[in-house]
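To be precise, the following lines are upload01.csv, and they hold CSV, C-alpha atoms.
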```csv
chain,number,residue,atom,x,y,z
A,99,MET,CA,51.7,-43.3,-13.1
A,100,TYR,CA,52.8,-46.9,-13.3
A,101,ALA,CA,56.4,-45.9,-12.8
A,102,LEU,CA,55.5,-43.9,-9.7
A,103,GLN,CA,53.4,-46.7,-8.3
A,104,GLY,CA,56.3,-49.1,-8.9
A,105,LEU,CA,58.8,-46.8,-7.1
A,106,THR,CA,56.3,-46.6,-4.2
A,107,TRP,CA,56.2,-50.4,-4.0
A,108,LEU,CA,60.0,-50.6,-4.1
A,109,LEU,CA,60.3,-48.0,-1.3
A,110,LEU,CA,57.6,-49.6,0.8
A,111,LEU,CA,59.2,-53.1,0.5
A,112,GLN,CA,62.6,-51.6,1.4
A,113,THR,CA,61.1,-49.9,4.4
A,114,LEU,CA,59.4,-53.1,5.5
A,115,GLY,CA,62.8,-54.9,5.0
A,116,GLU,CA,64.6,-52.3,7.1
A,117,LEU,CA,62.0,-52.6,9.9
A,118,LEU,CA,62.0,-56.4,10.0
A,119,VAL,CA,65.9,-56.5,9.9
A,120,ARG,CA,66.1,-54.0,12.8
A,121,HIS,CA,63.2,-55.5,14.8
A,122,LEU,CA,64.3,-59.1,14.5
A,123,GLY,CA,68.0,-58.5,14.4
A,124,LEU,CA,68.5,-60.4,11.1
A,125,PRO,CA,72.0,-60.6,9.6
A,126,VAL,CA,71.0,-59.4,6.1
A,127,PRO,CA,70.8,-55.7,4.9
A,128,GLY,CA,67.3,-54.2,4.8
A,129,PRO,CA,67.1,-53.8,1.0
A,130,VAL,CA,68.1,-57.5,0.6
A,131,LEU,CA,65.1,-58.6,2.7
A,132,GLY,CA,63.0,-56.1,0.7
A,133,MET,CA,64.2,-57.9,-2.5
A,134,GLY,CA,63.0,-61.3,-1.0
A,135,LEU,CA,59.6,-59.7,-0.1
A,136,LEU,CA,59.3,-58.3,-3.6
A,137,TRP,CA,59.8,-61.8,-5.0
A,138,LEU,CA,56.8,-63.0,-2.9
A,139,ALA,CA,54.7,-59.9,-3.8
A,140,LEU,CA,55.3,-60.2,-7.6
A,141,ARG,CA,52.8,-63.0,-7.8
A,142,TRP,CA,50.2,-60.3,-7.3
A,143,PRO,CA,49.5,-58.3,-10.6
A,144,PRO,CA,48.8,-55.0,-8.9
A,145,VAL,CA,52.4,-55.1,-7.6
A,146,ARG,CA,53.9,-56.9,-10.6
A,147,GLU,CA,52.8,-54.5,-13.4
A,148,PRO,CA,54.0,-51.2,-11.9
A,149,VAL,CA,57.2,-52.7,-10.4
A,150,GLU,CA,58.1,-54.2,-13.8
A,151,THR,CA,58.0,-50.7,-15.4
A,152,THR,CA,60.1,-49.1,-12.6
A,153,ALA,CA,62.5,-52.0,-12.2
A,154,ARG,CA,63.2,-52.2,-16.0
A,155,PHE,CA,64.0,-48.5,-16.0
A,156,MET,CA,66.2,-48.5,-12.8
A,157,LEU,CA,68.2,-51.6,-13.8
A,158,ALA,CA,68.8,-50.3,-17.3
A,159,HIS,CA,70.5,-47.3,-15.7
A,160,LEU,CA,72.0,-49.2,-12.8
A,161,SER,CA,75.5,-48.0,-13.5
A,162,LEU,CA,74.5,-44.3,-13.1
A,163,LEU,CA,73.7,-45.0,-9.4
A,164,PHE,CA,77.4,-45.9,-8.8
A,165,VAL,CA,78.7,-42.6,-9.9
A,166,PRO,CA,78.3,-40.6,-6.6
A,167,VAL,CA,80.0,-43.3,-4.6
A,168,GLY,CA,82.7,-43.7,-7.3
A,169,VAL,CA,83.5,-40.0,-7.1
A,170,GLY,CA,83.7,-40.5,-3.3
A,171,VAL,CA,86.9,-42.5,-4.0
A,172,MET,CA,88.6,-39.1,-4.2
A,173,THR,CA,88.1,-38.6,-0.4
A,174,HIS,CA,90.2,-41.7,0.2
A,175,LEU,CA,93.1,-40.6,-2.0
A,176,SER,CA,95.6,-40.5,0.9
A,177,LEU,CA,94.7,-44.0,2.1
A,178,LEU,CA,94.8,-45.3,-1.5
A,179,GLY,CA,98.2,-43.5,-1.8
A,180,ALA,CA,99.5,-45.2,1.4
A,181,TYR,CA,98.4,-48.7,0.4
A,182,GLY,CA,98.1,-48.1,-3.3
A,183,TRP,CA,99.8,-51.0,-5.0
A,184,ARG,CA,99.0,-53.5,-2.3
A,185,LEU,CA,95.3,-52.6,-2.5
A,186,ALA,CA,95.5,-52.7,-6.3
A,187,VAL,CA,97.0,-56.2,-6.3
A,188,ALA,CA,94.5,-57.6,-3.8
A,189,LEU,CA,91.6,-55.9,-5.6
A,190,VAL,CA,92.5,-56.9,-9.1
A,191,LEU,CA,93.7,-60.5,-8.4
A,192,SER,CA,90.7,-61.3,-6.2
A,193,THR,CA,88.3,-60.0,-8.9
A,194,TRP,CA,90.0,-62.1,-11.5
A,195,ILE,CA,89.8,-65.1,-9.2
A,196,GLY,CA,86.1,-64.5,-8.5
A,197,LEU,CA,85.4,-64.2,-12.2
A,198,ALA,CA,87.4,-67.3,-13.2
A,199,VAL,CA,86.1,-69.5,-10.4
A,200,THR,CA,82.5,-68.6,-11.2
A,201,ALA,CA,82.9,-69.2,-15.0
A,202,LEU,CA,84.8,-72.4,-14.6
A,203,VAL,CA,82.6,-74.0,-12.0
A,204,LEU,CA,79.5,-73.1,-14.0
A,205,ARG,CA,80.9,-74.5,-17.2
A,206,ALA,CA,81.9,-77.7,-15.5
A,207,LEU,CA,78.5,-78.1,-13.8
A,208,TRP,CA,76.6,-77.4,-17.0
A,209,ARG,CA,78.8,-79.9,-18.9
A,210,ARG,CA,78.3,-82.5,-16.3
A,211,GLU,CA,74.5,-82.1,-16.5
A,212,GLY,CA,74.8,-82.3,-20.3
A,213,GLN,CA,73.1,-79.0,-20.7
A,214,ALA,CA,75.9,-77.3,-22.5
A,215,ASP,CA,73.8,-77.2,-25.6
A,216,ALA,CA,70.6,-76.1,-23.8
B,712,MET,CA,86.7,-13.9,-14.2
B,713,ARG,CA,85.5,-12.8,-10.8
B,714,ASP,CA,81.9,-13.0,-12.0
B,715,PHE,CA,82.6,-16.6,-13.1
B,716,VAL,CA,84.0,-17.5,-9.7
B,717,GLU,CA,81.0,-16.0,-7.9
B,718,LEU,CA,78.7,-17.8,-10.2
B,719,TRP,CA,80.5,-21.1,-9.6
B,720,THR,CA,80.5,-20.6,-5.9
B,721,TYR,CA,76.7,-20.0,-6.0
B,722,LEU,CA,76.0,-23.0,-8.3
B,723,ALA,CA,78.3,-25.3,-6.4
B,724,SER,CA,76.6,-24.5,-3.1
B,725,THR,CA,73.1,-25.8,-4.2
B,726,PRO,CA,72.1,-29.4,-4.5
B,727,LEU,CA,71.2,-28.6,-8.1
B,728,PHE,CA,74.9,-28.7,-9.0
B,729,GLY,CA,75.7,-32.2,-7.9
B,730,LEU,CA,72.6,-33.7,-9.3
B,731,THR,CA,72.7,-31.9,-12.6
B,732,ALA,CA,76.5,-32.5,-13.1
B,733,THR,CA,76.0,-36.2,-12.4
B,734,LEU,CA,73.2,-36.6,-15.0
B,735,VAL,CA,74.9,-34.4,-17.6
B,736,VAL,CA,78.3,-36.1,-17.3
B,737,TYR,CA,76.8,-39.6,-17.3
B,738,SER,CA,74.7,-38.9,-20.4
B,739,LEU,CA,77.8,-37.6,-22.2
B,740,ALA,CA,79.8,-40.6,-21.0
B,741,GLN,CA,77.0,-42.9,-22.3
B,742,ALA,CA,77.1,-41.1,-25.7
B,743,THR,CA,80.9,-41.4,-25.7
B,744,ALA,CA,80.8,-45.1,-25.0
B,745,ALA,CA,78.3,-45.6,-27.8
B,746,ARG,CA,80.5,-43.6,-30.1
B,747,LEU,CA,83.4,-45.9,-29.3
B,748,ASN,CA,81.3,-49.0,-30.0
B,749,TYR,CA,81.2,-49.8,-26.2
B,750,ALA,CA,84.9,-50.5,-25.9
B,751,ALA,CA,85.5,-51.9,-22.5
B,752,TRP,CA,87.9,-49.1,-21.5
B,753,ALA,CA,85.2,-46.5,-22.3
B,754,ASN,CA,83.2,-47.6,-19.3
B,755,PRO,CA,80.5,-44.9,-18.6
B,756,VAL,CA,81.0,-45.1,-14.8
B,757,LEU,CA,84.8,-44.8,-15.1
B,758,LEU,CA,84.5,-41.8,-17.5
B,759,SER,CA,81.9,-40.1,-15.3
B,760,VAL,CA,83.9,-40.6,-12.1
B,761,LEU,CA,87.1,-39.4,-13.6
B,762,THR,CA,85.4,-36.3,-15.2
B,763,ILE,CA,83.5,-35.3,-12.0
B,764,ALA,CA,86.3,-36.0,-9.6
B,765,GLY,CA,88.7,-34.2,-11.8
B,766,THR,CA,86.5,-31.2,-12.0
B,767,LEU,CA,85.9,-31.1,-8.2
B,768,LEU,CA,89.7,-31.4,-7.6
B,769,LEU,CA,90.5,-28.7,-10.1
B,770,THR,CA,87.9,-26.2,-8.9
B,771,GLY,CA,88.6,-27.0,-5.2
B,772,THR,CA,85.0,-28.1,-4.6
B,773,ALA,CA,84.6,-30.4,-1.6
B,774,TYR,CA,83.1,-33.8,-2.1
B,775,PRO,CA,80.3,-33.1,0.5
B,776,THR,CA,79.2,-30.1,-1.6
B,777,TYR,CA,78.9,-32.4,-4.7
B,778,PHE,CA,77.2,-35.1,-2.7
B,779,ALA,CA,74.5,-32.7,-1.4
B,780,GLY,CA,73.1,-33.0,-4.9
B,781,ALA,CA,74.4,-36.5,-5.9
B,782,GLN,CA,72.8,-38.1,-2.9
B,783,PHE,CA,69.4,-38.1,-4.7
B,784,ILE,CA,70.9,-40.5,-7.2
B,785,HIS,CA,72.9,-42.4,-4.6
B,786,PHE,CA,69.7,-43.0,-2.6
B,787,LEU,CA,68.2,-45.0,-5.4
B,788,LEU,CA,70.8,-47.8,-4.8
B,789,GLY,CA,68.5,-49.1,-2.0
B,790,PRO,CA,65.3,-49.4,-4.1
B,791,ALA,CA,67.5,-50.7,-7.0
B,792,VAL,CA,68.6,-53.7,-4.8
B,793,VAL,CA,64.9,-54.4,-4.0
B,794,ALA,CA,64.2,-54.1,-7.8
B,795,LEU,CA,66.7,-56.9,-8.4
B,796,GLY,CA,63.9,-59.2,-7.2
B,797,TRP,CA,62.2,-58.6,-10.5
B,798,PRO,CA,64.8,-60.2,-12.9
B,799,LEU,CA,65.1,-63.1,-10.5
B,800,TRP,CA,61.3,-63.6,-10.5
B,801,GLN,CA,61.1,-63.2,-14.3
B,802,ARG,CA,63.7,-66.0,-14.7
B,803,ARG,CA,62.2,-68.2,-12.0
B,804,GLU,CA,61.7,-71.1,-14.5
B,805,GLU,CA,65.4,-71.1,-15.4
B,806,LEU,CA,66.3,-70.7,-11.7
B,807,ARG,CA,64.2,-73.7,-10.9
B,808,ARG,CA,65.8,-75.7,-13.7
B,809,TYR,CA,69.4,-74.6,-13.3
B,810,GLY,CA,69.0,-73.6,-9.6
B,811,LEU,CA,71.6,-75.9,-8.3
B,812,PRO,CA,74.5,-75.3,-10.7
B,813,LEU,CA,73.8,-71.5,-10.6
B,814,CYS,CA,73.7,-71.3,-6.8
B,815,LEU,CA,76.9,-73.5,-6.5
B,816,ALA,CA,78.8,-71.4,-9.1
B,817,ALA,CA,77.6,-68.1,-7.4
B,818,LEU,CA,78.6,-69.5,-4.0
B,819,ALA,CA,82.0,-70.8,-5.2
B,820,GLY,CA,82.8,-67.5,-7.1
B,821,GLY,CA,81.6,-65.2,-4.4
B,822,THR,CA,83.5,-67.1,-1.7
B,823,ALA,CA,86.7,-67.3,-3.9
B,824,ALA,CA,86.6,-63.6,-4.5
B,825,ALA,CA,86.1,-62.7,-0.8
B,826,LEU,CA,88.5,-65.3,0.5
B,827,SER,CA,91.3,-64.4,-1.9
B,828,ALA,CA,90.8,-60.7,-1.1
B,829,TRP,CA,91.1,-61.5,2.5
B,830,LEU,CA,94.2,-63.7,2.1
B,831,LEU,CA,96.0,-61.4,-0.3
B,832,GLY,CA,95.2,-58.3,1.8
B,833,ARG,CA,96.4,-60.0,4.9
B,834,TRP,CA,99.6,-61.3,3.2
B,835,LEU,CA,100.2,-57.7,1.9
B,836,GLY,CA,99.8,-56.3,5.4
B,837,LEU,CA,96.6,-54.2,5.0
B,838,PRO,CA,95.2,-52.9,8.3
B,839,HIS,CA,92.1,-54.7,9.7
B,840,GLU,CA,89.5,-52.1,8.9
B,841,VAL,CA,90.8,-51.8,5.3
B,842,LEU,CA,90.7,-55.6,5.0
B,843,MET,CA,87.1,-55.7,6.3
B,844,SER,CA,86.1,-53.1,3.8
B,845,LEU,CA,87.7,-55.1,1.0
B,846,VAL,CA,86.1,-58.4,1.7
B,847,PRO,CA,82.5,-57.6,0.6
B,848,LYS,CA,83.7,-55.8,-2.6
B,849,SER,CA,82.1,-58.2,-5.1
B,850,VAL,CA,78.6,-57.5,-3.9
B,851,THR,CA,76.8,-54.3,-5.1
B,852,ALA,CA,77.8,-51.1,-3.4
B,853,PRO,CA,74.9,-50.4,-1.0
B,854,VAL,CA,75.0,-54.0,0.3
B,855,ALA,CA,78.8,-53.9,0.5
B,856,MET,CA,78.5,-50.8,2.7
B,857,GLY,CA,76.0,-52.5,5.0
B,858,LEU,CA,78.0,-55.7,5.3
B,859,SER,CA,81.3,-53.9,5.9
B,860,GLU,CA,79.7,-52.1,8.8
B,861,LYS,CA,78.6,-55.4,10.3
B,862,ILE,CA,82.0,-57.0,10.1
B,863,GLY,CA,84.1,-54.0,11.2
B,864,GLY,CA,85.0,-52.2,8.0
B,865,ILE,CA,84.5,-48.6,6.8
B,866,PRO,CA,81.3,-48.3,4.7
B,867,ALA,CA,82.5,-45.5,2.5
B,868,LEU,CA,85.7,-47.4,1.7
B,869,ALA,CA,83.8,-50.6,1.1
B,870,ALA,CA,81.6,-48.7,-1.5
B,871,ALA,CA,84.8,-47.3,-3.1
B,872,PHE,CA,86.3,-50.9,-3.4
B,873,ALA,CA,83.0,-52.3,-4.7
B,874,VAL,CA,82.9,-49.6,-7.5
B,875,LEU,CA,86.6,-50.2,-8.3
B,876,THR,CA,86.0,-54.0,-8.4
B,877,GLY,CA,83.1,-53.5,-10.8
B,878,MET,CA,85.3,-51.5,-13.1
B,879,VAL,CA,88.1,-54.1,-13.0
B,880,GLY,CA,85.6,-56.8,-13.9
B,881,ALA,CA,84.0,-54.7,-16.7
B,882,LEU,CA,87.3,-53.7,-18.1
B,883,SER,CA,89.1,-57.1,-18.0
B,884,GLY,CA,86.3,-59.6,-18.2
B,885,LYS,CA,86.5,-60.2,-22.0
B,886,THR,CA,90.3,-60.8,-22.0
B,887,LEU,CA,90.1,-63.2,-19.0
B,888,PHE,CA,87.2,-65.2,-20.5
B,889,GLN,CA,89.0,-65.5,-23.8
B,890,TRP,CA,92.1,-66.7,-21.9
B,891,LEU,CA,90.0,-69.3,-20.0
B,892,GLY,CA,88.5,-70.4,-23.3
B,893,ILE,CA,84.9,-69.6,-22.5
B,894,PRO,CA,83.2,-69.5,-25.9
B,895,THR,CA,80.9,-66.8,-27.3
B,896,ASP,CA,78.0,-69.1,-28.0
B,897,GLY,CA,74.7,-69.5,-26.1
B,898,PRO,CA,76.0,-71.1,-22.9
B,899,GLY,CA,79.2,-69.2,-23.2
B,900,TRP,CA,77.4,-65.8,-23.1
B,901,ARG,CA,75.3,-67.0,-20.1
B,902,THR,CA,78.5,-68.2,-18.3
B,903,ARG,CA,80.3,-64.9,-19.0
B,904,GLY,CA,77.4,-62.8,-17.9
B,905,PHE,CA,76.8,-64.9,-14.8
B,906,ALA,CA,80.5,-64.6,-13.8
B,907,LEU,CA,80.4,-60.8,-14.3
B,908,GLY,CA,77.3,-60.4,-12.2
B,909,THR,CA,78.8,-62.6,-9.4
B,910,ALA,CA,82.3,-61.0,-9.2
B,911,ALA,CA,81.7,-57.5,-10.5
B,912,HIS,CA,78.1,-56.8,-9.5
B,913,GLY,CA,76.1,-53.9,-11.1
B,914,ILE,CA,78.9,-52.4,-13.1
B,915,GLY,CA,79.9,-55.9,-14.5
B,916,ALA,CA,76.2,-56.6,-15.2
B,917,ALA,CA,75.9,-53.3,-17.0
B,918,ARG,CA,78.9,-54.3,-19.1
B,919,ALA,CA,77.4,-57.7,-19.8
B,920,LEU,CA,74.2,-56.1,-21.0
B,921,GLN,CA,76.1,-53.9,-23.4
B,922,VAL,CA,77.8,-57.0,-24.9
B,923,HIS,CA,74.9,-59.5,-25.2
B,924,PRO,CA,71.3,-59.7,-24.0
B,925,ASP,CA,71.7,-63.3,-22.7
B,926,ALA,CA,74.9,-62.3,-20.8
B,927,GLY,CA,73.0,-59.3,-19.4
B,928,ALA,CA,70.1,-61.4,-18.2
B,929,TYR,CA,72.3,-63.9,-16.5
B,930,ALA,CA,74.4,-61.1,-15.0
B,931,GLY,CA,71.2,-59.7,-13.5
B,932,LEU,CA,70.4,-63.1,-12.1
B,933,ALA,CA,73.9,-63.5,-10.6
B,934,LEU,CA,73.8,-60.0,-9.1
B,935,GLY,CA,70.6,-60.8,-7.2
B,936,LEU,CA,71.8,-64.2,-6.1
B,937,GLN,CA,75.1,-62.8,-5.0
B,938,VAL,CA,73.4,-60.2,-2.8
B,939,VAL,CA,71.4,-62.9,-1.0
B,940,LEU,CA,74.3,-65.4,-0.7
B,941,THR,CA,76.9,-62.9,0.4
B,942,SER,CA,74.6,-61.3,2.9
B,943,LEU,CA,73.9,-64.7,4.5
B,944,THR,CA,77.4,-66.2,4.3
B,945,LEU,CA,79.9,-63.4,4.7
B,946,PRO,CA,79.2,-62.4,8.3
B,947,LEU,CA,79.4,-66.1,9.3
B,948,VAL,CA,82.7,-66.7,7.3
B,949,VAL,CA,84.3,-63.6,8.8
B,950,HIS,CA,83.2,-64.6,12.3
B,951,TRP,CA,84.6,-68.1,11.8
B,952,LEU,CA,87.9,-66.8,10.3
B,953,SER,CA,88.6,-64.3,13.2
```

Let's see the structure in the file written out as structure tokens.
Amino acid sequence: MYALQGLTWLLLLQTLGELLVRHLGLPVPGPVLGMGLLWLALRWPPVREPVETTARFMLAHLSLLFVPVGVGVMTHLSLLGAYGWRLAVALVLSTWIGLAVTALVLRALWRREGQADA
Amino acid sequence: MRDFVELWTYLASTPLFGLTATLVVYSLAQATAARLNYAAWANPVLLSVLTIAGTLLLTGTAYPTYFAGAQFIHFLLGPAVVALGWPLWQRREELRRYGLPLCLAALAGGTAAALSAWLLGRWLGLPHEVLMSLVPKSVTAPVAMGLSEKIGGIPALAAAFAVLTGMVGALSGKTLFQWLGIPTDGPGWRTRGFALGTAAHGIGAARALQVHPDAGAYAGLALGLQVVLTSLTLPLVVHWLS
């Protein structure tokens, strides 16, 4: 029952997020605003307890949710073929740059704050 | 043989096929990954995608036929983004304490990934709509789709790039971090996890969780932060660049 209530809350907040984004013309996607609304709603135990159950389950299996889109890559094979190596270079290098910059900046900031041993 | 073809045609035409196939293949991929001690290359998403796409191509089944069933799983990406608020809330103490370094690192890493994708893609002569589908790739797929639409990209392509980016991060993270000299102690794991969540979203985060609980928690944190930061900054940056 908790899991079902939790899913209901998530969907309600997503809907609210979509409505607000559309109505106010906000620049963020609906689910992102829904996430912000959830943050506020989590103070309230009737939301927190069921959402905790559902969120724990969903996030534990997050990678499953990427499978349908991942299979969708097959519909772009011609485009990937046409720009294949160029796309691969841009995609792989920019991912490495993103990973490296995040890790190095975080390490430097933590060291500077003297929290490396925290 | 004809009976089999008829049966296949029947099964493939109902949503039952896409949904069941996704869950069965993913469960098998998980079991395989566990068997191989969670080796990076045995990534459950990668294994599932290759198996399902291979089967569809071999049997001549169209992607929309598969998606008729798989959409029920795909749909959950939306509520999953909302659910990311939970790990953020749970770690609100840490966020308060390390908020500034974490936000700065997330902002720096996210911007570096998007900007380098944009510069590299432009230098390599990728067409505009492909470029605009590539730029939001380090944020989780549903958000990447929404953002690419806003900046003039192709949502389906953006989702594909996001998934590929996640796999690249999950597969190569360890080697890259070793090379950068990020240790495997407490802060080291947190840094590694946070970087994976920032640059390789949900797939990177899932990998981080396989490796170490602290890395997983910080990856979840980074994933949520990146969704918010990229959603706010990317449209502005693209507007300013073009």

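Minimum atom-to-atom distances from A:Val130, A:Leu140, A:Ala188, A:Val171 to Leu842 of chain B were compared using all atoms listed in the file, and the lowest value belongs to A:Ala188.
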
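Our summary of the geometry notes that atom CA of Val169 of chain A is positioned 18.6 Å from atom CA of Leu722 of chain B.
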
Determine, for each residue of chain B having at least one atom at most 7 Å from an atom of chain A, the closest pair of atoms and their separation in Å to one decimal, counting all atoms listed in the file; order by chain and ascending number, as CSV.
```
residue,atom,partner,partner_atom,distance
B:Tyr737,CA,A:Leu162,CA,6.7
B:Val756,CA,A:Val165,CA,6.0
B:Ser759,CA,A:Val165,CA,6.8
B:Val760,CA,A:Val169,CA,5.1
B:Ile763,CA,A:Val169,CA,6.8
B:Ala764,CA,A:Val169,CA,5.5
B:Tyr774,CA,A:Gly170,CA,6.8
B:Phe778,CA,A:Pro166,CA,6.8
B:Ala781,CA,A:Pro166,CA,5.7
B:Ile784,CA,A:Leu163,CA,5.7
B:His785,CA,A:Leu163,CA,5.5
B:Leu787,CA,A:Leu163,CA,6.8
B:Leu788,CA,A:Leu163,CA,6.1
B:Gly789,CA,A:Pro129,CA,5.7
B:Pro790,CA,A:Leu108,CA,5.4
B:Ala791,CA,A:Met156,CA,6.3
B:Val792,CA,A:Pro129,CA,6.0
B:Val793,CA,A:Met133,CA,3.9
B:Ala794,CA,A:Ala153,CA,5.2
B:Leu795,CA,A:Met133,CA,6.5
B:Gly796,CA,A:Met133,CA,4.9
B:Trp797,CA,A:Trp137,CA,6.8
B:Trp800,CA,A:Trp137,CA,6.0
B:Pro812,CA,A:Leu207,CA,5.8
B:Leu813,CA,A:Leu204,CA,6.8
B:Ala816,CA,A:Thr200,CA,5.1
B:Ala817,CA,A:Thr200,CA,6.2
B:Ala819,CA,A:Thr200,CA,6.4
B:Gly820,CA,A:Thr200,CA,4.3
B:Gly821,CA,A:Gly196,CA,6.1
B:Ala823,CA,A:Gly196,CA,5.4
B:Ala824,CA,A:Gly196,CA,4.1
B:Ser827,CA,A:Ser192,CA,5.3
B:Ala828,CA,A:Ser192,CA,5.1
B:Leu831,CA,A:Ala188,CA,5.4
B:Gly832,CA,A:Ala188,CA,5.7
B:Leu835,CA,A:Arg184,CA,6.1
B:Val854,CA,A:Pro127,CA,6.5
B:Gly857,CA,A:Pro127,CA,6.1
B:Ala870,CA,A:Val167,CA,6.4
B:Ala871,CA,A:Val171,CA,5.3
B:Val874,CA,A:Gly168,CA,5.9
B:Thr876,CA,A:Thr193,CA,6.4
B:Val879,CA,A:Val190,CA,6.5
B:Gly880,CA,A:Thr193,CA,6.5
B:Pro898,CA,A:Ala214,CA,6.2
B:Thr902,CA,A:Ala201,CA,5.6
B:Arg903,CA,A:Ala201,CA,6.4
B:Ala906,CA,A:Leu197,CA,5.2
B:Leu907,CA,A:Leu197,CA,6.4
B:Ala910,CA,A:Gly196,CA,5.2
B:Gly913,CA,A:Ser161,CA,6.4
B:Ile914,CA,A:Ser161,CA,5.6
B:Ala917,CA,A:Ser161,CA,6.4
B:Val938,CA,A:Val130,CA,6.9
B:Val939,CA,A:Val130,CA,6.5
B:Ser942,CA,A:Val126,CA,5.2
B:Leu943,CA,A:Val126,CA,6.2
```

Å distance separating atom CA of Tyr777 of chain B from atom CA of Leu727 of chain B, one decimal place = 9.2 Å

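You will find atom CA of Pro838 of chain B at 11.2 Å from atom CA of Ala180 of chain A.
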
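Candidate residues A:Thr151, A:Ser176, A:Met99, A:Pro143 were compared for distance to Pro798 of chain B, and the nearest is A:Thr151, using only C-alpha atoms.
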
Pick the closest to Ala779 of chain B from B:Pro853, B:Pro847, B:Gly729, B:Gly908: which is it, counting only C-alpha atoms?
-> B:Gly729
